[in-house]
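Engineer: A single structure is presented below for examination.
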Amino acid sequence: MITLALSKGRIFDETLPLLAAAGITVTEDPEKSRKLILATNQPHVRVVLVRASDVPTYVEYGGADLGVAGKDSLIEHGGQGLFRPLDLQIAKCRVSVAVRNGFDYQEAVTQGSRLKVATKYTSIARDFFSAKGVHVDMIKLYGSMELAPLTGMADAIVDLVSTGNTLKANDLVEVEHIMDISSHLVVNQAALKLKQAGLKPIIDAFASAVPQD
Ligand code: PRT
Ligand code: MG
């Protein structure tokens, strides 16, 4: 049995065409079912649905043999125990710093002020600000980062941005582009050896379905 970990939503939706290239069709709709394990047209392949940030952990500990995870989740996880053969070029976005409209970020940075930064991505944020030599007080959040500057709890947030509509709707402005994000295929290192016959055709089919640049 080969187990693939995916998260519901954009990663699931954008992985379906890659699965199709490997001849795999998921036979249940995750939006219509409460099941966490989905069957496919191939009796030896199943999909497990986990939180996006839990995909690397499931694959690391062998709860899944392979998975699709955002680079953001992979960096925060640390990547230990994972083989990362492919950038799938899906679920693209960027990690940015944003502040309330009217907050003078450049001035705060130039003055060497301590910056209160709220984020789910503490590892990415810590590395970014320490490389810039900016002192930060990190506030860990699990969601709705946009609210932190609006309530005065933080000066800035580090969050994922794609269209920019969420920032705009909350009167926030992007002041730094930290990195580009896409989702990657990750494989459990032990499974890669022990289940090579089952995994290799899937990895190869994904590779040939991804646009190369
Ligand atoms: O929702 P949950 O807490 O379970 O986890 P998650 O938000 O990490 O999962 P999910 O399924 O929403 O996202 C999975 C992955 O998709 C992320 O890890 C990213 O790699 C990738 N991705 C791509 C995004 C976005 N684009 C994105 N726009 N993940 C989240 N967003 C959110 C962003 O956090 C912000 O709230 O969308 C909002 C901004 O979007 P725009 O279009 O308004 O700029
Ligand atoms: Mg989400």
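If you're wondering about the labels, chains in the structure tokens are A, B, ... by order shown, residues count from 1 in each chain, ligands from 1 in order shown.
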List every residue of chain A that DSSP, applied to the backbone, labels as strand (DSSP E), and write the result as an MDAnalysis selection string.

Structural biologist: chainID A and resid 2:6 37:39 45:49 66:70 82:100 115:119 136:140 156:161 172:188

Engineer: Show me which residues sit within 10 Å of ligand 2 when counting only C-alpha atoms and all ligand atoms, and put them as an MDAnalysis selection string.

Structural biologist: chainID A and resid 7:10 51:53 142:144 160

Engineer: With range 171-192 of chain A as the partner and 8 Å as the cut-off, tabulate the residues of range 67-159 of chain A that qualify, each row holding the nearest pair of atoms and their distance in Å to one decimal, using only C-alpha atoms, sorted by chain and rising number, as CSV.

Structural biologist:
residue,atom,partner,partner_atom,distance
A:Gly67,CA,A:Val186,CA,5.3
A:Val68,CA,A:Leu185,CA,4.8
A:Ala69,CA,A:Ser183,CA,5.2
A:Gly70,CA,A:Ser183,CA,4.0
A:Lys71,CA,A:Ile181,CA,5.6
A:Asp72,CA,A:Ile181,CA,6.7
A:Gly81,CA,A:Gln189,CA,6.0
A:Leu82,CA,A:Asn188,CA,5.3
A:Phe83,CA,A:Val187,CA,5.0
A:Arg84,CA,A:Val186,CA,4.6
A:Pro85,CA,A:Leu185,CA,6.4
A:Leu86,CA,A:Leu185,CA,5.3
A:Asp87,CA,A:His184,CA,4.5
A:Leu88,CA,A:His184,CA,5.2
A:Gln89,CA,A:Ser182,CA,5.4
A:Ile90,CA,A:Ser183,CA,5.5
A:Ala91,CA,A:Ser182,CA,5.6
A:Lys92,CA,A:Ser182,CA,4.4
A:Cys93,CA,A:Ile181,CA,5.2
A:Arg94,CA,A:Asp180,CA,4.3
A:Val95,CA,A:Ile178,CA,5.4
A:Ser96,CA,A:His177,CA,4.5
A:Val97,CA,A:Glu176,CA,4.9
A:Ala98,CA,A:Glu174,CA,4.2
A:Val99,CA,A:Leu172,CA,5.4
A:Arg100,CA,A:Leu172,CA,4.5
A:Asn101,CA,A:Leu172,CA,5.2
A:Tyr105,CA,A:Val175,CA,7.4
A:Phe128,CA,A:Ile178,CA,7.1
A:Glu146,CA,A:Leu172,CA,7.7

Engineer: For Tyr121 in chain A, please output as JSON, numbers by chain all residues within 9 Å (counting only C-alpha atoms; exclusion window: fewer than 5 positions along the same chain).

Structural biologist: {"A": [72, 73, 75, 76, 126, 140, 141, 158, 159]}

Engineer: May I have the selected residues written with N, CA and C atoms, as a compact mmCIF listing (two decimals), in the first residue's frame?

Structural biologist:
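File part.txt, as written:
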# COMPACT_ATOMS: atom_id res chain seq x y z
N ASP A 72 6.62 26.79 2.63
CA ASP A 72 6.44 27.42 3.95
C ASP A 72 6.35 26.35 5.04
N SER A 73 5.50 25.34 4.83
CA SER A 73 5.35 24.27 5.83
C SER A 73 6.64 23.48 5.98
N ILE A 75 9.77 24.53 5.49
CA ILE A 75 10.79 25.30 6.24
C ILE A 75 10.45 25.29 7.73
N GLU A 76 9.18 25.51 8.06
CA GLU A 76 8.81 25.55 9.48
C GLU A 76 9.01 24.17 10.13
N ARG A 126 12.08 34.79 11.77
CA ARG A 126 13.29 34.96 12.58
C ARG A 126 14.53 35.05 11.69
N LYS A 140 3.64 34.35 18.21
CA LYS A 140 3.20 33.20 17.43
C LYS A 140 1.67 33.17 17.34
N LEU A 141 1.16 33.10 16.10
CA LEU A 141 -0.28 32.97 15.88
C LEU A 141 -0.53 31.74 15.01
N VAL A 158 4.09 38.54 9.24
CA VAL A 158 4.74 37.79 8.16
C VAL A 158 3.71 36.76 7.75
N ASP A 159 3.23 36.83 6.50
CA ASP A 159 2.16 35.93 6.06
C ASP A 159 2.29 35.62 4.58

Engineer: With distances taken over only C-alpha atoms and all ligand atoms, which of A:Thr15, A:Thr40, A:Gln212, A:Thr3 is nearest to ligand 1?

Structural biologist: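 Among the listed residues, A:Thr15 lies closest to ligand 1.
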
Engineer: If you run DSSP on the backbone, which residues of chain A are helix (DSSP H, G or I), as JSON, numbers by chain?

Structural biologist: {"A": [10, 11, 12, 13, 14, 15, 16, 17, 18, 19, 20, 21, 52, 53, 54, 55, 56, 57, 58, 59, 60, 71, 72, 73, 74, 75, 76, 77, 105, 106, 107, 108, 109, 110, 111, 122, 123, 124, 125, 126, 127, 128, 129, 130, 131, 132, 147, 148, 149, 150, 165, 166, 167, 168, 169, 189, 190, 191, 192, 193, 194, 196, 197, 198, 199, 200, 201, 202, 203, 204, 205, 206, 207, 208, 209]}

Engineer: Residues near Arg114 in chain A, anyone? I mean within 12 Å using only C-alpha atoms, not counting same-chain ones fewer than 3 positions away, as a ChimeraX atom specification.

Structural biologist: /A:105,107-111,117,129-130,133-138,154-156

Engineer: I want to know what sits within 9 Å of Ile202 in chain A, based on only C-alpha atoms, with residues of the same chain fewer than 2 positions away left out; could you give that as a list in words?

Structural biologist: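 My reading of the contact set: Leu19, Ala21, Ala22, Gly23, Ile24, Gly198, Leu199, Lys200, Asp204, Ala205, Phe206 and Ala207 of chain A.
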
Engineer: One number please: CA of Ser123 in chain A to CA of Asp13 in chain A, in Å, one decimal.

Structural biologist: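 So the two atoms, CA of Ser123 in chain A and CA of Asp13 in chain A, lie 27.4 Å apart.
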
Engineer: For His77 in chain A, which of A:Pro17, A:Gly112, A:Pro56, A:Gly63 is the closest residue, counting only C-alpha atoms?

Structural biologist: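 Smallest separation from His77 in chain A among the options: A:Pro56.
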
Engineer: Out of A:Met1, A:Gly78, A:Gly102, A:Ala131, which residue has the shortest atom-to-atom distance to Gln196 in chain A when counting only C-alpha atoms?

Structural biologist: A:Met1
